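Structure file run.cif (mmCIF, C-alpha atoms and all ligand atoms; chains and numbers go by the auth columns) is printed below.
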data_protein
#
loop_
_atom_site.group_PDB
_atom_site.id
_atom_site.type_symbol
_atom_site.label_atom_id
_atom_site.label_comp_id
_atom_site.label_asym_id
_atom_site.label_seq_id
_atom_site.Cartn_x
_atom_site.Cartn_y
_atom_site.Cartn_z
_atom_site.B_iso_or_equiv
_atom_site.auth_seq_id
_atom_site.auth_asym_id
ATOM 1 C CA MET A 1 13.639 -68.946 -85.168 0.00 1 A
ATOM 2 C CA GLY A 2 15.583 -71.045 -82.666 0.00 2 A
ATOM 3 C CA ARG A 3 16.439 -74.696 -82.788 0.00 3 A
ATOM 4 C CA GLN A 4 18.124 -76.718 -80.087 0.00 4 A
ATOM 5 C CA ASP A 5 18.205 -80.293 -78.865 0.00 5 A
ATOM 6 C CA ASP A 6 17.274 -81.041 -75.269 0.00 6 A
ATOM 7 C CA ALA A 7 17.816 -84.724 -74.512 0.00 7 A
ATOM 8 C CA ALA A 8 15.806 -86.668 -77.092 0.00 8 A
ATOM 9 C CA LEU A 9 13.620 -83.700 -77.995 0.00 9 A
ATOM 10 C CA SER A 10 14.491 -81.308 -80.804 0.00 10 A
ATOM 11 C CA VAL A 11 12.622 -78.001 -80.492 0.00 11 A
ATOM 12 C CA ARG A 12 11.914 -75.549 -83.310 0.00 12 A
ATOM 13 C CA GLU A 13 9.750 -72.466 -83.650 0.00 13 A
ATOM 14 C CA VAL A 14 7.057 -72.590 -86.314 0.00 14 A
ATOM 15 C CA PRO A 15 4.826 -69.839 -87.750 0.00 15 A
ATOM 16 C CA ALA A 16 1.530 -69.588 -85.879 0.00 16 A
ATOM 17 C CA ASP A 17 -0.433 -70.673 -88.964 0.00 17 A
ATOM 18 C CA GLU A 18 1.523 -73.949 -88.953 0.00 18 A
ATOM 19 C CA ALA A 19 0.678 -74.703 -85.311 0.00 19 A
ATOM 20 C CA PRO A 20 -0.231 -78.392 -84.822 0.00 20 A
ATOM 21 C CA MET A 21 -3.900 -77.996 -83.868 0.00 21 A
ATOM 22 C CA ALA A 22 -4.502 -81.624 -82.885 0.00 22 A
ATOM 23 C CA LEU A 23 -1.664 -81.437 -80.345 0.00 23 A
ATOM 24 C CA LEU A 24 -2.817 -78.083 -78.985 0.00 24 A
ATOM 25 C CA MET A 25 -6.355 -79.356 -78.528 0.00 25 A
ATOM 26 C CA LEU A 26 -5.062 -81.887 -75.990 0.00 26 A
ATOM 27 C CA ALA A 27 -4.511 -78.929 -73.661 0.00 27 A
ATOM 28 C CA ASP A 28 -7.545 -76.856 -74.633 0.00 28 A
ATOM 29 C CA PRO A 29 -10.689 -78.428 -76.116 0.00 29 A
ATOM 30 C CA SER A 30 -11.762 -75.141 -77.708 0.00 30 A
ATOM 31 C CA GLU A 31 -10.322 -74.778 -81.223 0.00 31 A
ATOM 32 C CA GLU A 32 -12.000 -71.365 -81.407 0.00 32 A
ATOM 33 C CA LYS A 33 -10.079 -70.133 -78.341 0.00 33 A
ATOM 34 C CA ILE A 34 -6.790 -71.497 -79.697 0.00 34 A
ATOM 35 C CA ARG A 35 -7.357 -69.793 -83.066 0.00 35 A
ATOM 36 C CA ALA A 36 -8.084 -66.526 -81.256 0.00 36 A
ATOM 37 C CA TYR A 37 -4.718 -66.369 -79.448 0.00 37 A
ATOM 38 C CA LEU A 38 -2.504 -67.995 -82.089 0.00 38 A
ATOM 39 C CA PRO A 39 -1.962 -64.953 -84.356 0.00 39 A
ATOM 40 C CA GLY A 40 -0.189 -62.905 -81.664 0.00 40 A
ATOM 41 C CA SER A 41 1.661 -65.887 -80.203 0.00 41 A
ATOM 42 C CA ARG A 42 4.885 -67.751 -80.767 0.00 42 A
ATOM 43 C CA CYS A 43 4.604 -71.461 -81.367 0.00 43 A
ATOM 44 C CA PHE A 44 7.173 -74.172 -80.668 0.00 44 A
ATOM 45 C CA VAL A 45 7.152 -77.791 -81.766 0.00 45 A
ATOM 46 C CA GLY A 46 9.191 -80.608 -80.259 0.00 46 A
ATOM 47 C CA SER A 47 10.122 -83.618 -82.346 0.00 47 A
ATOM 48 C CA SER A 48 11.622 -86.917 -81.414 0.00 48 A
ATOM 49 C CA ASP A 49 12.624 -89.817 -83.641 0.00 49 A
ATOM 50 C CA GLY A 50 11.523 -87.803 -86.677 0.00 50 A
ATOM 51 C CA SER A 51 7.948 -87.046 -85.585 0.00 51 A
ATOM 52 C CA ASP A 52 6.355 -84.036 -83.966 0.00 52 A
ATOM 53 C CA VAL A 53 5.355 -85.095 -80.466 0.00 53 A
ATOM 54 C CA ALA A 54 4.987 -81.890 -78.462 0.00 54 A
ATOM 55 C CA ALA A 55 3.822 -78.307 -78.876 0.00 55 A
ATOM 56 C CA CYS A 56 3.789 -75.115 -76.863 0.00 56 A
ATOM 57 C CA VAL A 57 2.299 -71.677 -77.508 0.00 57 A
ATOM 58 C CA VAL A 58 3.390 -68.512 -75.703 0.00 58 A
ATOM 59 C CA LEU A 59 1.665 -65.131 -75.920 0.00 59 A
ATOM 60 C CA PRO A 60 3.604 -61.931 -75.124 0.00 60 A
ATOM 61 C CA ARG A 61 1.683 -59.812 -72.598 0.00 61 A
ATOM 62 C CA ASP A 62 3.065 -56.617 -70.984 0.00 62 A
ATOM 63 C CA ALA A 63 6.758 -55.783 -71.218 0.00 63 A
ATOM 64 C CA GLY A 64 8.732 -58.686 -69.771 0.00 64 A
ATOM 65 C CA THR A 65 5.598 -60.761 -69.157 0.00 65 A
ATOM 66 C CA TYR A 66 4.627 -63.787 -71.234 0.00 66 A
ATOM 67 C CA GLU A 67 1.774 -66.245 -70.918 0.00 67 A
ATOM 68 C CA LEU A 68 2.147 -69.909 -71.678 0.00 68 A
ATOM 69 C CA MET A 69 -1.172 -70.551 -73.419 0.00 69 A
ATOM 70 C CA SER A 70 -0.730 -74.222 -74.151 0.00 70 A
ATOM 71 C CA ILE A 71 1.684 -77.119 -73.809 0.00 71 A
ATOM 72 C CA SER A 72 1.030 -80.694 -74.813 0.00 72 A
ATOM 73 C CA VAL A 73 2.662 -83.980 -75.647 0.00 73 A
ATOM 74 C CA ARG A 74 1.181 -86.679 -77.889 0.00 74 A
ATOM 75 C CA PRO A 75 -0.553 -89.169 -75.570 0.00 75 A
ATOM 76 C CA ASP A 76 1.549 -92.165 -76.663 0.00 76 A
ATOM 77 C CA ARG A 77 4.716 -90.180 -75.917 0.00 77 A
ATOM 78 C CA GLN A 78 3.762 -88.722 -72.528 0.00 78 A
ATOM 79 C CA GLN A 79 5.659 -89.428 -69.290 0.00 79 A
ATOM 80 C CA ARG A 80 9.017 -89.728 -71.058 0.00 80 A
ATOM 81 C CA GLY A 81 10.267 -86.291 -70.103 0.00 81 A
ATOM 82 C CA HIS A 82 9.308 -84.549 -73.361 0.00 82 A
ATOM 83 C CA GLY A 83 6.877 -82.140 -71.684 0.00 83 A
ATOM 84 C CA THR A 84 9.465 -81.159 -69.094 0.00 84 A
ATOM 85 C CA ALA A 85 12.155 -80.789 -71.775 0.00 85 A
ATOM 86 C CA LEU A 86 9.897 -78.526 -73.872 0.00 86 A
ATOM 87 C CA LEU A 87 8.831 -76.447 -70.861 0.00 87 A
ATOM 88 C CA LYS A 88 12.459 -75.943 -69.788 0.00 88 A
ATOM 89 C CA TRP A 89 13.475 -75.058 -73.355 0.00 89 A
ATOM 90 C CA VAL A 90 10.696 -72.472 -73.687 0.00 90 A
ATOM 91 C CA LEU A 91 11.443 -70.942 -70.260 0.00 91 A
ATOM 92 C CA ALA A 92 15.117 -70.585 -71.201 0.00 92 A
ATOM 93 C CA PHE A 93 14.235 -69.169 -74.649 0.00 93 A
ATOM 94 C CA PHE A 94 12.120 -66.364 -73.170 0.00 94 A
ATOM 95 C CA GLY A 95 14.673 -65.822 -70.408 0.00 95 A
ATOM 96 C CA ARG A 96 17.202 -64.985 -73.127 0.00 96 A
ATOM 97 C CA LEU A 97 14.688 -62.510 -74.572 0.00 97 A
ATOM 98 C CA GLY A 98 14.568 -60.729 -71.205 0.00 98 A
ATOM 99 C CA ALA A 99 11.395 -62.242 -69.721 0.00 99 A
ATOM 100 C CA ARG A 100 10.732 -61.289 -66.111 0.00 100 A
ATOM 101 C CA ARG A 101 7.710 -63.501 -65.592 0.00 101 A
ATOM 102 C CA MET A 102 5.943 -66.383 -67.282 0.00 102 A
ATOM 103 C CA GLU A 103 2.300 -66.965 -66.409 0.00 103 A
ATOM 104 C CA VAL A 104 0.053 -69.949 -67.004 0.00 104 A
ATOM 105 C CA GLY A 105 -3.519 -70.850 -66.186 0.00 105 A
ATOM 106 C CA THR A 106 -4.285 -74.430 -65.216 0.00 106 A
ATOM 107 C CA GLY A 107 -6.801 -76.540 -63.326 0.00 107 A
ATOM 108 C CA THR A 108 -6.806 -76.776 -59.563 0.00 108 A
ATOM 109 C CA PHE A 109 -5.887 -80.483 -59.505 0.00 109 A
ATOM 110 C CA GLY A 110 -4.025 -83.057 -61.544 0.00 110 A
ATOM 111 C CA HIS A 111 -0.459 -83.880 -62.538 0.00 111 A
ATOM 112 C CA GLN A 112 -0.117 -80.651 -64.521 0.00 112 A
ATOM 113 C CA LEU A 113 0.143 -78.685 -61.285 0.00 113 A
ATOM 114 C CA ALA A 114 3.241 -80.583 -60.175 0.00 114 A
ATOM 115 C CA PHE A 115 4.588 -80.414 -63.736 0.00 115 A
ATOM 116 C CA TYR A 116 4.611 -76.589 -63.573 0.00 116 A
ATOM 117 C CA GLN A 117 5.613 -76.271 -59.927 0.00 117 A
ATOM 118 C CA ARG A 118 8.724 -78.393 -60.525 0.00 118 A
ATOM 119 C CA GLN A 119 9.908 -75.628 -62.861 0.00 119 A
ATOM 120 C CA GLY A 120 9.352 -72.890 -60.292 0.00 120 A
ATOM 121 C CA PHE A 121 5.778 -71.808 -61.007 0.00 121 A
ATOM 122 C CA ARG A 122 3.836 -70.625 -57.958 0.00 122 A
ATOM 123 C CA VAL A 123 0.156 -69.989 -57.388 0.00 123 A
ATOM 124 C CA ALA A 124 -0.701 -66.305 -57.817 0.00 124 A
ATOM 125 C CA ARG A 125 -4.509 -66.343 -57.736 0.00 125 A
ATOM 126 C CA ILE A 126 -7.657 -68.324 -58.385 0.00 126 A
ATOM 127 C CA ASP A 127 -10.134 -67.503 -61.150 0.00 127 A
ATOM 128 C CA ARG A 128 -13.287 -68.944 -59.647 0.00 128 A
ATOM 129 C CA ASP A 129 -15.660 -70.671 -62.087 0.00 129 A
ATOM 130 C CA PHE A 130 -13.334 -69.896 -65.034 0.00 130 A
ATOM 131 C CA PHE A 131 -14.027 -73.252 -66.706 0.00 131 A
ATOM 132 C CA VAL A 132 -17.771 -72.920 -66.068 0.00 132 A
ATOM 133 C CA ASP A 133 -18.003 -69.401 -67.469 0.00 133 A
ATOM 134 C CA ASN A 134 -15.685 -69.826 -70.464 0.00 134 A
ATOM 135 C CA TYR A 135 -16.461 -73.275 -71.899 0.00 135 A
ATOM 136 C CA PRO A 136 -19.833 -74.424 -73.228 0.00 136 A
ATOM 137 C CA GLU A 137 -19.272 -78.056 -72.184 0.00 137 A
ATOM 138 C CA PRO A 138 -18.172 -79.291 -68.730 0.00 138 A
ATOM 139 C CA ILE A 139 -14.525 -80.412 -68.649 0.00 139 A
ATOM 140 C CA PHE A 140 -13.803 -83.546 -66.628 0.00 140 A
ATOM 141 C CA GLU A 141 -10.487 -85.092 -65.631 0.00 141 A
ATOM 142 C CA ASP A 142 -10.106 -88.123 -63.387 0.00 142 A
ATOM 143 C CA GLY A 143 -13.881 -87.998 -62.943 0.00 143 A
ATOM 144 C CA ILE A 144 -13.711 -84.520 -61.396 0.00 144 A
ATOM 145 C CA ARG A 145 -15.173 -81.447 -63.094 0.00 145 A
ATOM 146 C CA HIS A 146 -12.804 -78.558 -63.635 0.00 146 A
ATOM 147 C CA LEU A 147 -14.448 -75.440 -62.179 0.00 147 A
ATOM 148 C CA ASP A 148 -11.779 -72.964 -61.095 0.00 148 A
ATOM 149 C CA MET A 149 -8.528 -71.944 -62.775 0.00 149 A
ATOM 150 C CA LEU A 150 -5.272 -71.469 -60.889 0.00 150 A
ATOM 151 C CA ARG A 151 -3.108 -68.672 -62.219 0.00 151 A
ATOM 152 C CA LEU A 152 0.545 -69.655 -61.792 0.00 152 A
ATOM 153 C CA VAL A 153 3.534 -67.356 -62.163 0.00 153 A
ATOM 154 C CA ARG A 154 7.183 -68.181 -62.612 0.00 154 A
ATOM 155 C CA GLU A 155 9.434 -65.228 -61.827 0.00 155 A
ATOM 156 C CA TYR A 156 12.846 -65.046 -63.472 0.00 156 A
ATOM 157 C CA ALA A 157 15.699 -64.315 -61.075 0.00 157 A
HETATM 158 C C1 LIG B . 1.119 -82.016 -69.094 0.00 1 B
HETATM 159 C C2 LIG B . 1.967 -82.721 -70.164 0.00 1 B
HETATM 160 C C3 LIG B . 2.388 -81.687 -71.201 0.00 1 B
HETATM 161 C C4 LIG B . 3.199 -83.334 -69.517 0.00 1 B
HETATM 162 O O1 LIG B . 4.010 -83.878 -70.545 0.00 1 B
HETATM 163 P P1 LIG B . 4.865 -85.218 -70.324 0.00 1 B
HETATM 164 O O2 LIG B . 5.810 -85.359 -71.443 0.00 1 B
HETATM 165 O O3 LIG B . 3.939 -86.343 -70.066 0.00 1 B
HETATM 166 O O4 LIG B . 5.606 -84.826 -68.992 0.00 1 B
HETATM 167 P P2 LIG B . 6.928 -85.459 -68.404 0.00 1 B
HETATM 168 O O5 LIG B . 7.209 -86.806 -68.970 0.00 1 B
HETATM 169 O O6 LIG B . 7.976 -84.438 -68.523 0.00 1 B
HETATM 170 O O7 LIG B . 6.425 -85.689 -66.923 0.00 1 B
HETATM 171 C C5 LIG B . 6.709 -84.872 -65.856 0.00 1 B
HETATM 172 C C6 LIG B . 5.962 -85.391 -64.662 0.00 1 B
HETATM 173 O O8 LIG B . 4.573 -85.118 -64.809 0.00 1 B
HETATM 174 C C7 LIG B . 3.829 -86.157 -64.179 0.00 1 B
HETATM 175 N N1 LIG B . 2.930 -86.734 -65.163 0.00 1 B
HETATM 176 C C8 LIG B . 2.926 -86.528 -66.495 0.00 1 B
HETATM 177 N N2 LIG B . 1.894 -87.158 -67.047 0.00 1 B
HETATM 178 C C9 LIG B . 1.229 -87.791 -66.061 0.00 1 B
HETATM 179 C C10 LIG B . 0.072 -88.597 -66.005 0.00 1 B
HETATM 180 N N3 LIG B . -0.644 -88.876 -67.103 0.00 1 B
HETATM 181 N N4 LIG B . -0.325 -89.072 -64.824 0.00 1 B
HETATM 182 C C11 LIG B . 0.372 -88.795 -63.705 0.00 1 B
HETATM 183 N N5 LIG B . 1.484 -88.030 -63.682 0.00 1 B
HETATM 184 C C12 LIG B . 1.899 -87.528 -64.853 0.00 1 B
HETATM 185 C C13 LIG B . 4.768 -87.140 -63.655 0.00 1 B
HETATM 186 O O9 LIG B . 4.953 -86.804 -62.286 0.00 1 B
HETATM 187 C C14 LIG B . 6.034 -86.889 -64.412 0.00 1 B
HETATM 188 O O10 LIG B . 7.115 -87.223 -63.652 0.00 1 B
HETATM 189 P P3 LIG B . 7.732 -88.724 -63.757 0.00 1 B
HETATM 190 O O11 LIG B . 8.179 -88.901 -65.172 0.00 1 B
HETATM 191 O O12 LIG B . 8.844 -88.666 -62.764 0.00 1 B
HETATM 192 O O13 LIG B . 6.631 -89.651 -63.381 0.00 1 B
HETATM 193 C C15 LIG B . 1.175 -83.885 -70.819 0.00 1 B
HETATM 194 O O14 LIG B . 0.662 -84.701 -69.793 0.00 1 B
HETATM 195 C C16 LIG B . 0.026 -83.461 -71.711 0.00 1 B
HETATM 196 O O15 LIG B . 0.225 -83.159 -72.881 0.00 1 B
HETATM 197 N N6 LIG B . -1.186 -83.459 -71.162 0.00 1 B
HETATM 198 C C17 LIG B . -2.366 -83.079 -71.950 0.00 1 B
HETATM 199 C C18 LIG B . -2.386 -81.595 -72.213 0.00 1 B
HETATM 200 C C19 LIG B . -2.317 -80.792 -70.931 0.00 1 B
HETATM 201 O O16 LIG B . -2.987 -81.101 -69.956 0.00 1 B
HETATM 202 N N7 LIG B . -1.510 -79.705 -70.973 0.00 1 B
HETATM 203 C C20 LIG B . -1.382 -78.795 -69.861 0.00 1 B
HETATM 204 C C21 LIG B . -2.534 -77.886 -69.823 0.00 1 B
HETATM 205 S S1 LIG B . -2.532 -76.904 -68.347 0.00 1 B
#
How does this structure look as structure tokens?
Ligand SMILES: CC(C)(COP(=O)(O)OP(=O)(O)OC[C@H]1O[C@@H](n2cnc3c(N)ncnc32)[C@H](O)[C@@H]1OP(=O)(O)O)[C@@H](O)C(=O)NCCC(=O)NCCS
Amino acid sequence: MGRQDDAALSVREVPADEAPMALLMLADPSEEKIRAYLPGSRCFVGSSDGSDVAACVVLPRDAGTYELMSISVRPDRQQRGHGTALLKWVLAFFGRLGARRMEVGTGTFGHQLAFYQRQGFRVARIDRDFFVDNYPEPIFEDGIRHLDMLRLVREYA
């Protein structure tokens, strides 16, 4: 289990059964879906000023390929660089393990897109109607319904 400070954020790995569910549900409203991928995943928690403020879950896929299943920052601590610090930390962690690519699925609009693209993620494909077909309730953000999922990939050099 790794531990390292990145600016004001201290990141540690926690066992999947200690994953902070409330934080993870900020990124995915389906607790059932989160519980389905947690057992095979690795979970990281970022703390700042003594409290846990950020979480990230990564699922190993094929050899050298990992999928970032979830990343979130407590709402009152967002836009202070913690999300970027955690994302960079996790990318570097899996780079040291020999990752060749990190994938993530996200909506087709919103600040999250820029958040990932700043760290080198690029659009690989579109899963049309993913959010319609896979969630019982419509998901809205900024008054717009999420319909399609963008699959982003970040290749390691
Ligand atoms: C996405 C998320 C993890 C980013 O974490 P964060 O700590 O707020 O991110 P950072 O402070 O590192 O911000 C990076 C950039 O993202 C953008 N950003 C972050 N939150 C934003 C918001 N609410 N509105 C607009 N832009 C935002 C900004 O451009 C910011 O750059 P800036 O600080 O120069 O303005 C966080 O917003 C979050 O937890 N959201 C809810 C869960 C979620 O959507 N997860 C991703 C699922 S795909």
Cut-off 9 Å: closest chain A/ligand LIG 1 (chain B) atom pairs per residue, using only C-alpha atoms and all ligand atoms, as CSV:
residue,atom,partner,partner_atom,distance
A:Leu23,CA,B:LIG1,O15,7.9
A:Leu24,CA,B:LIG1,C18,7.6
A:Met25,CA,B:LIG1,C18,7.8
A:Leu26,CA,B:LIG1,C18,4.6
A:Ala27,CA,B:LIG1,C18,3.7
A:Asp28,CA,B:LIG1,C21,7.0
A:Ala54,CA,B:LIG1,O15,7.4
A:Ala55,CA,B:LIG1,C3,8.5
A:Cys56,CA,B:LIG1,C3,8.8
A:Met69,CA,B:LIG1,S1,8.2
A:Ser70,CA,B:LIG1,C21,6.0
A:Ile71,CA,B:LIG1,N7,5.0
A:Ser72,CA,B:LIG1,O15,3.2
A:Val73,CA,B:LIG1,O15,3.8
A:Arg74,CA,B:LIG1,O15,6.2
A:Pro75,CA,B:LIG1,O15,6.6
A:Arg77,CA,B:LIG1,O2,6.7
A:Gln78,CA,B:LIG1,O3,3.4
A:Gln79,CA,B:LIG1,O5,3.1
A:Arg80,CA,B:LIG1,O5,4.0
A:Gly81,CA,B:LIG1,O5,3.3
A:His82,CA,B:LIG1,O2,4.1
A:Gly83,CA,B:LIG1,O2,3.4
A:Thr84,CA,B:LIG1,O6,3.6
A:Ala85,CA,B:LIG1,O6,6.4
A:Leu86,CA,B:LIG1,O6,8.2
A:Leu87,CA,B:LIG1,C3,8.3
A:Val104,CA,B:LIG1,S1,7.5
A:Gly105,CA,B:LIG1,S1,6.5
A:Thr106,CA,B:LIG1,S1,4.4
A:Gly107,CA,B:LIG1,S1,6.6
A:Gly110,CA,B:LIG1,C11,7.5
A:His111,CA,B:LIG1,N5,4.7
A:Gln112,CA,B:LIG1,C1,4.9
A:Leu113,CA,B:LIG1,S1,7.8
A:Ala114,CA,B:LIG1,O8,6.6
A:Phe115,CA,B:LIG1,O8,4.8
A:Tyr116,CA,B:LIG1,C1,8.5
A:Arg118,CA,B:LIG1,C6,8.6
- prompt: If we count all atoms listed in the file, what is near His146 (chain A) at a cut-off of 8 Å, once residues fewer than 4 positions away on the same chain are taken out, given as a list of chain:residue names?
  reply: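 Once the adjacent positions are removed, what remains is A:Gly107, A:Thr108, A:Phe131, A:Val132, A:Pro138, A:Ile139, A:Phe140, A:Glu141.
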task: May I have the residues within 12 Å of Gly95 (chain A) as a PyMOL selection string, using only C-alpha atoms and disregarding those fewer than 4 positions away in the same chain?
output: chain A and resi 64-66+88-91+99-102+154-157
task: Rank nothing, just name the residue among A:Ser41, A:Ala92, A:Lys33, A:Asp52 nearest to Leu68 (chain A), using only C-alpha atoms.
output: A:Ser41
- request: For CA of Gly50 (chain A) and CA of Glu32 (chain A), quote the distance in Å rounded to one decimal.
  value: 29.2 Å
Neighbours of point (-2.9, -65.3, -63.3) within 10 Å, using all atoms listed in the file, written as JSON, numbers by chain: {"A": [67, 102, 103, 104, 105, 106, 123, 124, 125, 126, 127, 149, 150, 151, 152, 153]}
Find the axis-aligned box for region 143-152 of chain A, covering all its listed atoms and adding 5 Å on each side, and write its centre and edge lengths in Å to one decimal as JSON.
{"center_x": -7.3, "center_y": -78.3, "center_z": -62.3, "size_x": 25.7, "size_y": 29.3, "size_z": 12.7}
message: I'd like to know which of A:Ala19, A:Asp62, A:Pro29, A:Ser10 is closest to Asp49 (chain A), using all atoms listed in the file.
response: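 Smallest distance to Asp49 (chain A) is found for A:Ser10.
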Two-atom distance - CA of Arg42 (chain A), CA of Arg122 (chain A) (Å):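 Separation between CA of Arg42 (chain A) and CA of Arg122 (chain A): 23.0 Å.
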Residue among A:Ser30, A:Arg61, A:Pro39, A:Phe44 lying closest to Glu137 (chain A), counting only C-alpha atoms: A:Ser30
query: Which value, in Å to one decimal, gives the distance between CA of Gly40 (chain A) and CA of Pro60 (chain A)?
result: 7.6 Å
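Residue nearest Asp133 (chain A) within the list A:Val58, A:Val11, A:Leu147, A:Gln119: A:Leu147 [criterion: smallest interatomic distance, all atoms listed in the file].
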- prompt: With only C-alpha atoms as the basis for distance, which of A:Arg12, A:Arg145, A:Glu18, A:Ser47 is at the shortest distance from Arg35 (chain A)?
  reply: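 When distances to Arg35 (chain A) are compared using only C-alpha atoms, the smallest one comes from A:Glu18.
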task: Name the closest residue to Leu59 (chain A) among the candidates A:Met21, A:Asp129, A:Gly120, A:Ala16; distances are taken between atoms, counting all atoms listed in the file.
output: A:Ala16
Region 50-57 of chain A from the block above, all heavy atoms, as a PDB file, in the first residue's frame, please?
ATOM      1  N   GLY A  50      -6.340  16.475   7.857  1.00  0.00           N
ATOM      2  CA  GLY A  50      -6.839  15.448   8.772  1.00  0.00           C
ATOM      3  C   GLY A  50      -8.155  14.818   8.378  1.00  0.00           C
ATOM      4  O   GLY A  50      -8.635  13.922   9.071  1.00  0.00           O
ATOM      5  N   SER A  51      -8.796  15.250   7.277  1.00  0.00           N
ATOM      6  CA  SER A  51     -10.039  14.553   6.900  1.00  0.00           C
ATOM      7  C   SER A  51      -9.959  14.015   5.476  1.00  0.00           C
ATOM      8  O   SER A  51      -9.255  14.562   4.621  1.00  0.00           O
ATOM      9  CB  SER A  51     -11.267  15.453   7.066  1.00  0.00           C
ATOM     10  OG  SER A  51     -10.970  16.748   6.689  1.00  0.00           O
ATOM     11  N   ASP A  52     -10.701  12.930   5.268  1.00  0.00           N
ATOM     12  CA  ASP A  52     -10.730  12.308   3.950  1.00  0.00           C
ATOM     13  C   ASP A  52     -11.607  13.147   3.022  1.00  0.00           C
ATOM     14  O   ASP A  52     -12.799  13.329   3.285  1.00  0.00           O
ATOM     15  CB  ASP A  52     -11.269  10.877   4.059  1.00  0.00           C
ATOM     16  CG  ASP A  52     -10.300   9.969   4.817  1.00  0.00           C
ATOM     17  OD1 ASP A  52      -9.116  10.342   4.946  1.00  0.00           O
ATOM     18  OD2 ASP A  52     -10.730   8.899   5.284  1.00  0.00           O
ATOM     19  N   VAL A  53     -11.016  13.643   1.953  1.00  0.00           N
ATOM     20  CA  VAL A  53     -11.747  14.572   1.085  1.00  0.00           C
ATOM     21  C   VAL A  53     -11.867  14.082  -0.351  1.00  0.00           C
ATOM     22  O   VAL A  53     -12.592  14.681  -1.143  1.00  0.00           O
ATOM     23  CB  VAL A  53     -11.088  15.972   1.085  1.00  0.00           C
ATOM     24  CG1 VAL A  53     -11.120  16.596   2.474  1.00  0.00           C
ATOM     25  CG2 VAL A  53      -9.661  15.924   0.554  1.00  0.00           C
ATOM     26  N   ALA A  54     -11.165  13.003  -0.695  1.00  0.00           N
ATOM     27  CA  ALA A  54     -11.182  12.568  -2.092  1.00  0.00           C
ATOM     28  C   ALA A  54     -11.017  11.061  -2.165  1.00  0.00           C
ATOM     29  O   ALA A  54     -10.422  10.449  -1.273  1.00  0.00           O
ATOM     30  CB  ALA A  54     -10.054  13.254  -2.866  1.00  0.00           C
ATOM     31  N   ALA A  55     -11.559  10.464  -3.213  1.00  0.00           N
ATOM     32  CA  ALA A  55     -11.440   9.015  -3.384  1.00  0.00           C
ATOM     33  C   ALA A  55     -11.355   8.676  -4.858  1.00  0.00           C
ATOM     34  O   ALA A  55     -11.852   9.409  -5.717  1.00  0.00           O
ATOM     35  CB  ALA A  55     -12.643   8.307  -2.760  1.00  0.00           C
ATOM     36  N   CYS A  56     -10.710   7.539  -5.134  1.00  0.00           N
ATOM     37  CA  CYS A  56     -10.554   7.092  -6.509  1.00  0.00           C
ATOM     38  C   CYS A  56     -10.501   5.566  -6.514  1.00  0.00           C
ATOM     39  O   CYS A  56      -9.870   4.966  -5.647  1.00  0.00           O
ATOM     40  CB  CYS A  56      -9.263   7.671  -7.092  1.00  0.00           C
ATOM     41  SG  CYS A  56      -8.947   7.206  -8.802  1.00  0.00           S
ATOM     42  N   VAL A  57     -11.171   4.955  -7.472  1.00  0.00           N
ATOM     43  CA  VAL A  57     -11.175   3.500  -7.588  1.00  0.00           C
ATOM     44  C   VAL A  57     -10.701   3.125  -8.988  1.00  0.00           C
ATOM     45  O   VAL A  57     -11.168   3.692  -9.980  1.00  0.00           O
ATOM     46  CB  VAL A  57     -12.592   2.932  -7.331  1.00  0.00           C
ATOM     47  CG1 VAL A  57     -12.606   1.429  -7.562  1.00  0.00           C
ATOM     48  CG2 VAL A  57     -13.043   3.252  -5.924  1.00  0.00           C
TER      49      VAL A  57
END
